[in-house]
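See below for entry11.pdb, which holds PDB, C-alpha atoms.
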ATOM      1  CA  MET Q   1     -90.896 -11.444 -34.128
ATOM      2  CA  GLY Q   2     -87.171 -12.073 -34.412
ATOM      3  CA  GLU Q   3     -87.111 -14.007 -31.163
ATOM      4  CA  VAL Q   4     -89.973 -16.217 -32.330
ATOM      5  CA  LEU Q   5     -88.023 -16.978 -35.515
ATOM      6  CA  ALA Q   6     -84.909 -17.777 -33.460
ATOM      7  CA  LEU Q   7     -86.899 -20.182 -31.280
ATOM      8  CA  ALA Q   8     -88.359 -21.849 -34.377
ATOM      9  CA  GLY Q   9     -84.863 -22.279 -35.795
ATOM     10  CA  ALA Q  10     -83.634 -23.739 -32.512
ATOM     11  CA  ILE Q  11     -86.518 -26.222 -32.510
ATOM     12  CA  LEU Q  12     -85.651 -27.275 -36.075
ATOM     13  CA  THR Q  13     -82.033 -27.764 -35.001
ATOM     14  CA  VAL Q  14     -83.067 -30.003 -32.128
ATOM     15  CA  LEU Q  15     -85.287 -31.965 -34.518
ATOM     16  CA  ALA Q  16     -82.212 -32.517 -36.688
ATOM     17  CA  ALA Q  17     -80.342 -33.685 -33.581
ATOM     18  CA  ILE Q  18     -83.107 -36.136 -32.711
ATOM     19  CA  GLY Q  19     -82.979 -37.463 -36.260
ATOM     20  CA  VAL Q  20     -79.203 -37.830 -36.094
ATOM     21  CA  VAL Q  21     -79.471 -39.775 -32.842
ATOM     22  CA  ARG Q  22     -82.358 -42.038 -33.800
ATOM     23  CA  PHE Q  23     -81.951 -42.878 -37.504
ATOM     24  CA  PRO Q  24     -80.449 -46.297 -38.229
ATOM     25  CA  ASP Q  25     -77.574 -45.711 -40.693
ATOM     26  CA  ALA Q  26     -75.167 -42.969 -41.699
ATOM     27  CA  LEU Q  27     -76.913 -41.882 -44.903
ATOM     28  CA  SER Q  28     -80.250 -41.477 -43.092
ATOM     29  CA  ARG Q  29     -78.521 -39.421 -40.400
ATOM     30  CA  MET Q  30     -76.982 -37.200 -43.065
ATOM     31  CA  HIS Q  31     -80.432 -36.732 -44.583
ATOM     32  CA  ALA Q  32     -81.805 -35.613 -41.210
ATOM     33  CA  LEU Q  33     -78.897 -33.279 -40.477
ATOM     34  CA  THR Q  34     -78.463 -31.388 -43.743
ATOM     35  CA  LYS Q  35     -82.024 -30.344 -44.493
ATOM     36  CA  ALA Q  36     -83.329 -29.546 -41.015
ATOM     37  CA  SER Q  37     -80.195 -27.791 -39.781
ATOM     38  CA  THR Q  38     -80.007 -25.614 -42.913
ATOM     39  CA  VAL Q  39     -83.538 -24.342 -42.423
ATOM     40  CA  GLY Q  40     -82.934 -23.956 -38.696
ATOM     41  CA  LEU Q  41     -79.820 -21.847 -39.145
ATOM     42  CA  VAL Q  42     -81.497 -19.663 -41.783
ATOM     43  CA  LEU Q  43     -84.455 -19.050 -39.447
ATOM     44  CA  VAL Q  44     -82.112 -18.097 -36.589
ATOM     45  CA  ALA Q  45     -80.159 -15.782 -38.914
ATOM     46  CA  VAL Q  46     -83.305 -14.065 -40.187
ATOM     47  CA  GLY Q  47     -84.438 -13.578 -36.604
ATOM     48  CA  GLY Q  48     -81.061 -12.095 -35.715
ATOM     49  CA  ALA Q  49     -81.167  -9.786 -38.727
ATOM     50  CA  LEU Q  50     -84.577  -8.539 -37.597
ATOM     51  CA  VAL Q  51     -83.408  -7.877 -34.029
ATOM     52  CA  LEU Q  52     -79.802  -6.639 -34.319
ATOM     53  CA  PRO Q  53     -79.414  -2.859 -34.591
ATOM     54  CA  THR Q  54     -76.468  -1.991 -36.843
ATOM     55  CA  ALA Q  55     -75.881  -2.784 -40.508
ATOM     56  CA  ASN Q  56     -72.537  -4.386 -39.652
ATOM     57  CA  ASP Q  57     -74.191  -7.029 -37.487
ATOM     58  CA  ILE Q  58     -76.950  -7.671 -40.023
ATOM     59  CA  THR Q  59     -74.499  -8.226 -42.878
ATOM     60  CA  SER Q  60     -72.431 -10.568 -40.695
ATOM     61  CA  VAL Q  61     -75.476 -12.695 -39.887
ATOM     62  CA  VAL Q  62     -76.660 -12.776 -43.488
ATOM     63  CA  LEU Q  63     -73.169 -13.652 -44.743
ATOM     64  CA  ALA Q  64     -72.893 -16.542 -42.271
ATOM     65  CA  ALA Q  65     -76.250 -17.930 -43.398
ATOM     66  CA  VAL Q  66     -75.466 -17.502 -47.105
ATOM     67  CA  LEU Q  67     -72.063 -19.186 -46.739
ATOM     68  CA  TYR Q  68     -73.608 -22.101 -44.886
ATOM     69  CA  VAL Q  69     -76.398 -22.569 -47.426
ATOM     70  CA  ALA Q  70     -73.939 -22.336 -50.323
ATOM     71  CA  THR Q  71     -71.389 -24.798 -48.941
ATOM     72  CA  LEU Q  72     -73.443 -27.433 -47.115
ATOM     73  CA  PRO Q  73     -74.844 -29.210 -50.213
ATOM     74  CA  ILE Q  74     -71.325 -29.670 -51.621
ATOM     75  CA  ALA Q  75     -69.933 -30.975 -48.334
ATOM     76  CA  GLY Q  76     -72.972 -33.203 -47.895
ATOM     77  CA  ALA Q  77     -72.614 -34.695 -51.376
ATOM     78  CA  MET Q  78     -68.901 -35.436 -50.843
ATOM     79  CA  MET Q  79     -69.594 -36.932 -47.435
ATOM     80  CA  ALA Q  80     -72.464 -39.079 -48.740
ATOM     81  CA  ARG Q  81     -70.297 -40.371 -51.599
ATOM     82  CA  ALA Q  82     -67.467 -41.284 -49.236
ATOM     83  CA  THR Q  83     -69.899 -42.978 -46.882
ATOM     84  CA  TYR Q  84     -71.412 -44.930 -49.753
ATOM     85  CA  PHE Q  85     -68.018 -46.189 -50.857
ATOM     86  CA  THR Q  86     -66.985 -47.315 -47.397
ATOM     87  CA  GLU Q  87     -70.142 -48.767 -45.908
ATOM     88  CA  GLU Q  88     -72.752 -51.219 -47.057
ATOM     89  CA  ALA Q  89     -75.624 -48.968 -48.115
ATOM     90  CA  PRO Q  90     -78.954 -50.795 -48.118
ATOM     91  CA  ASN Q  91     -80.976 -50.260 -51.288
ATOM     92  CA  ARG Q  92     -84.411 -50.116 -49.720
ATOM     93  CA  LEU Q  93     -86.302 -49.026 -52.826
ATOM     94  CA  HIS Q  94     -85.028 -51.738 -55.206
ATOM     95  CA  THR Q  95     -84.306 -49.190 -57.897
ATOM     96  CA  ILE Q  96     -81.339 -48.907 -60.249
ATOM     97  CA  ASP Q  97     -78.157 -48.119 -58.302
ATOM     98  CA  GLU Q  98     -75.611 -46.740 -60.744
ATOM     99  CA  LEU Q  99     -72.992 -45.918 -58.145
ATOM    100  CA  ALA Q 100     -72.829 -49.588 -57.135
ATOM    101  CA  GLU Q 101     -71.279 -50.429 -60.526
ATOM    102  CA  ARG Q 102     -68.580 -47.890 -59.807
ATOM    103  CA  ARG Q 103     -68.001 -49.354 -56.392
ATOM    104  CA  ARG Q 104     -67.576 -52.857 -57.787
ATOM    105  CA  ALA Q 105     -65.351 -51.543 -60.597
ATOM    106  CA  ASP Q 106     -63.080 -49.815 -58.103
ATOM    107  CA  GLY Q 107     -62.903 -52.959 -56.037
ATOM    108  CA  SER Q 108     -63.280 -50.716 -53.041
ATOM    109  CA  ASP Q 109     -65.835 -52.938 -51.352
ATOM    110  CA  ARG Q 110     -63.310 -55.446 -50.150
ATOM    111  CA  GLU Q 111     -62.745 -55.800 -46.478
ATOM    112  CA  ARG Q 112     -61.283 -52.772 -44.753
TER
ATOM    113  CA  MET H 113     -88.154 -16.665 -25.642
ATOM    114  CA  ILE H 114     -84.386 -16.239 -25.828
ATOM    115  CA  ALA H 115     -83.930 -18.461 -22.773
ATOM    116  CA  ALA H 116     -86.046 -21.177 -24.402
ATOM    117  CA  ALA H 117     -83.878 -20.952 -27.527
ATOM    118  CA  TYR H 118     -80.760 -21.368 -25.368
ATOM    119  CA  ILE H 119     -82.203 -24.454 -23.677
ATOM    120  CA  VAL H 120     -83.339 -26.055 -26.936
ATOM    121  CA  LEU H 121     -79.979 -25.414 -28.600
ATOM    122  CA  GLY H 122     -78.183 -26.861 -25.582
ATOM    123  CA  LEU H 123     -80.260 -30.027 -25.899
ATOM    124  CA  ALA H 124     -79.402 -30.222 -29.605
ATOM    125  CA  GLY H 125     -75.696 -29.829 -28.829
ATOM    126  CA  ALA H 126     -75.854 -32.603 -26.236
ATOM    127  CA  LEU H 127     -77.546 -34.951 -28.721
ATOM    128  CA  PHE H 128     -74.948 -34.187 -31.420
ATOM    129  CA  CYS H 129     -72.133 -34.771 -28.927
ATOM    130  CA  TRP H 130     -73.704 -38.112 -28.021
ATOM    131  CA  ARG H 131     -73.604 -39.072 -31.693
ATOM    132  CA  VAL H 132     -69.928 -38.042 -31.891
ATOM    133  CA  ILE H 133     -69.098 -40.258 -28.904
ATOM    134  CA  ALA H 134     -71.265 -43.240 -29.837
ATOM    135  CA  GLY H 135     -71.207 -43.152 -33.640
ATOM    136  CA  PRO H 136     -70.068 -46.515 -34.966
ATOM    137  CA  SER H 137     -68.245 -45.231 -38.063
ATOM    138  CA  LEU H 138     -66.115 -42.212 -38.917
ATOM    139  CA  SER H 139     -68.925 -40.814 -41.075
ATOM    140  CA  ASP H 140     -71.269 -40.736 -38.085
ATOM    141  CA  ARG H 141     -68.739 -38.797 -36.057
ATOM    142  CA  VAL H 142     -68.266 -36.286 -38.873
ATOM    143  CA  ILE H 143     -72.042 -35.870 -39.036
ATOM    144  CA  GLY H 144     -72.131 -35.242 -35.313
ATOM    145  CA  VAL H 145     -69.343 -32.654 -35.492
ATOM    146  CA  ASP H 146     -71.148 -30.920 -38.363
ATOM    147  CA  GLY H 147     -74.327 -30.696 -36.335
ATOM    148  CA  ALA H 148     -72.422 -29.398 -33.322
ATOM    149  CA  ILE H 149     -70.888 -26.657 -35.497
ATOM    150  CA  VAL H 150     -74.339 -25.610 -36.754
ATOM    151  CA  THR H 151     -75.571 -25.539 -33.171
ATOM    152  CA  GLY H 152     -72.592 -23.366 -32.213
ATOM    153  CA  MET H 153     -73.342 -20.903 -35.019
ATOM    154  CA  SER H 154     -76.967 -20.689 -33.873
ATOM    155  CA  VAL H 155     -75.846 -20.143 -30.270
ATOM    156  CA  ILE H 156     -73.544 -17.317 -31.363
ATOM    157  CA  ILE H 157     -76.350 -15.587 -33.273
ATOM    158  CA  VAL H 158     -78.833 -16.062 -30.417
ATOM    159  CA  ASN H 159     -76.259 -14.690 -27.975
ATOM    160  CA  ALA H 160     -75.780 -11.627 -30.207
ATOM    161  CA  MET H 161     -79.559 -11.120 -30.136
ATOM    162  CA  ASP H 162     -79.491 -11.523 -26.349
ATOM    163  CA  VAL H 163     -76.818  -8.940 -25.581
ATOM    164  CA  GLY H 164     -77.736  -6.650 -28.496
ATOM    165  CA  ARG H 165     -74.223  -6.440 -29.883
ATOM    166  CA  GLY H 166     -72.630  -8.441 -32.670
ATOM    167  CA  THR H 167     -69.096  -8.692 -31.338
ATOM    168  CA  PHE H 168     -68.773 -12.429 -31.946
ATOM    169  CA  LEU H 169     -70.694 -12.641 -35.217
ATOM    170  CA  PRO H 170     -67.547 -13.024 -37.389
ATOM    171  CA  VAL H 171     -66.900 -16.240 -35.459
ATOM    172  CA  ALA H 172     -70.102 -17.617 -36.994
ATOM    173  CA  ILE H 173     -68.797 -16.813 -40.493
ATOM    174  CA  VAL H 174     -65.479 -18.511 -39.757
ATOM    175  CA  LEU H 175     -67.324 -21.539 -38.360
ATOM    176  CA  ALA H 176     -69.302 -21.869 -41.596
ATOM    177  CA  LEU H 177     -66.095 -21.874 -43.659
ATOM    178  CA  VAL H 178     -64.246 -24.252 -41.323
ATOM    179  CA  SER H 179     -67.205 -26.642 -41.314
ATOM    180  CA  PHE H 180     -67.198 -26.888 -45.101
ATOM    181  CA  ILE H 181     -63.431 -27.289 -45.413
ATOM    182  CA  SER H 182     -63.134 -29.893 -42.661
ATOM    183  CA  THR H 183     -66.061 -31.952 -43.923
ATOM    184  CA  SER H 184     -64.791 -32.034 -47.502
ATOM    185  CA  VAL H 185     -61.236 -32.895 -46.427
ATOM    186  CA  ILE H 186     -62.429 -35.745 -44.201
ATOM    187  CA  ALA H 187     -64.678 -36.983 -47.028
ATOM    188  CA  ARG H 188     -61.670 -37.138 -49.355
ATOM    189  CA  PHE H 189     -59.726 -38.911 -46.625
ATOM    190  CA  ILE H 190     -62.435 -41.542 -46.116
ATOM    191  CA  GLU H 191     -62.769 -42.154 -49.848
ATOM    192  CA  GLY H 192     -59.020 -42.441 -50.328
ATOM    193  CA  ALA H 193     -58.665 -44.825 -47.399
ATOM    194  CA  ALA H 194     -61.461 -46.972 -48.840
ATOM    195  CA  SER H 195     -59.913 -47.227 -52.312
ATOM    196  CA  ASP H 196     -56.401 -47.819 -50.988
ATOM    197  CA  GLY H 197     -57.596 -50.762 -48.924
TER
END
Let me see the file written as structure tokens.
Amino acid sequence: MGEVLALAGAILTVLAAIGVVRFPDALSRMHALTKASTVGLVLVAVGGALVLPTANDITSVVLAAVLYVATLPIAGAMMARATYFTEEAPNRLHTIDELAERRRADGSDRER
Amino acid sequence: MIAAAYIVLGLAGALFCWRVIAGPSLSDRVIGVDGAIVTGMSVIIVNAMDVGRGTFLPVAIVLALVSFISTSVIARFIEGAASDG
């Protein structure tokens, strides 16, 4: 059971890698990486917690997964904001883009 | 089953390393390094399942913390470099 979960998590991680390689721009690649790799790591950690014998190992695995799940959204948001300010982000949906006002106000879209 | 997980994770690590080498911008390289760190954490946990002992499991915890700190610091660096011109 735990090994099946670990294999499922590994397959999700390689799906994230395929997304990172094949998607066209940096924000799309971040989208592929953050979601799929989070679920993949949690599946691997749950599989490890089911297989490993001692309580010390189980708490280590669970702590690694909890730390990753708690910190990745913050790091991803900071990284996406920095990427948005440095690169030309295409607005494919033609919706309101409030951060673009901020980018023009900062004048940070001049040549770099 | 464990061997298949090793092979699949090795493929994922190779793809992330290709993105680190080929990525056109600094953000793409940071994304690739992040993915490689996640793959390393998964490999450590799968290896602990393989050998039945969790000797290297604290390395996975440290990798999670280092991944967050490095990504946020590089994000601040990119944003500051963009606004400074």
- Message: Please check the contacts: residues of chain Q at most 8 Å away from chain H, using all atoms listed in the file, listed as number ranges by chain.
- Response: Q: 3-4, 6-7, 10-11, 13-18, 20-21, 26, 29-30, 33, 37, 41, 44-45, 48, 51-53, 57, 60-61, 63-64, 67-68, 71-72, 75, 78-79, 81-83, 85-86, 106-112
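Here atom CA of Tyr84 of chain Q and atom CA of Val66 of chain Q stand 27.9 Å from one another.
All residues that come within 10 Å of the coordinates (-78.5, -31.7, -47.0), counting only C-alpha atoms, are given as Q:Met30, Q:His31, Q:Ala32, Q:Leu33, Q:Thr34, Q:Lys35, Q:Ala36, Q:Ser37, Q:Thr38, Q:Val69, Q:Leu72, Q:Pro73, Q:Ile74, Q:Ala75, Q:Gly76, Q:Ala77, Q:Ala80.
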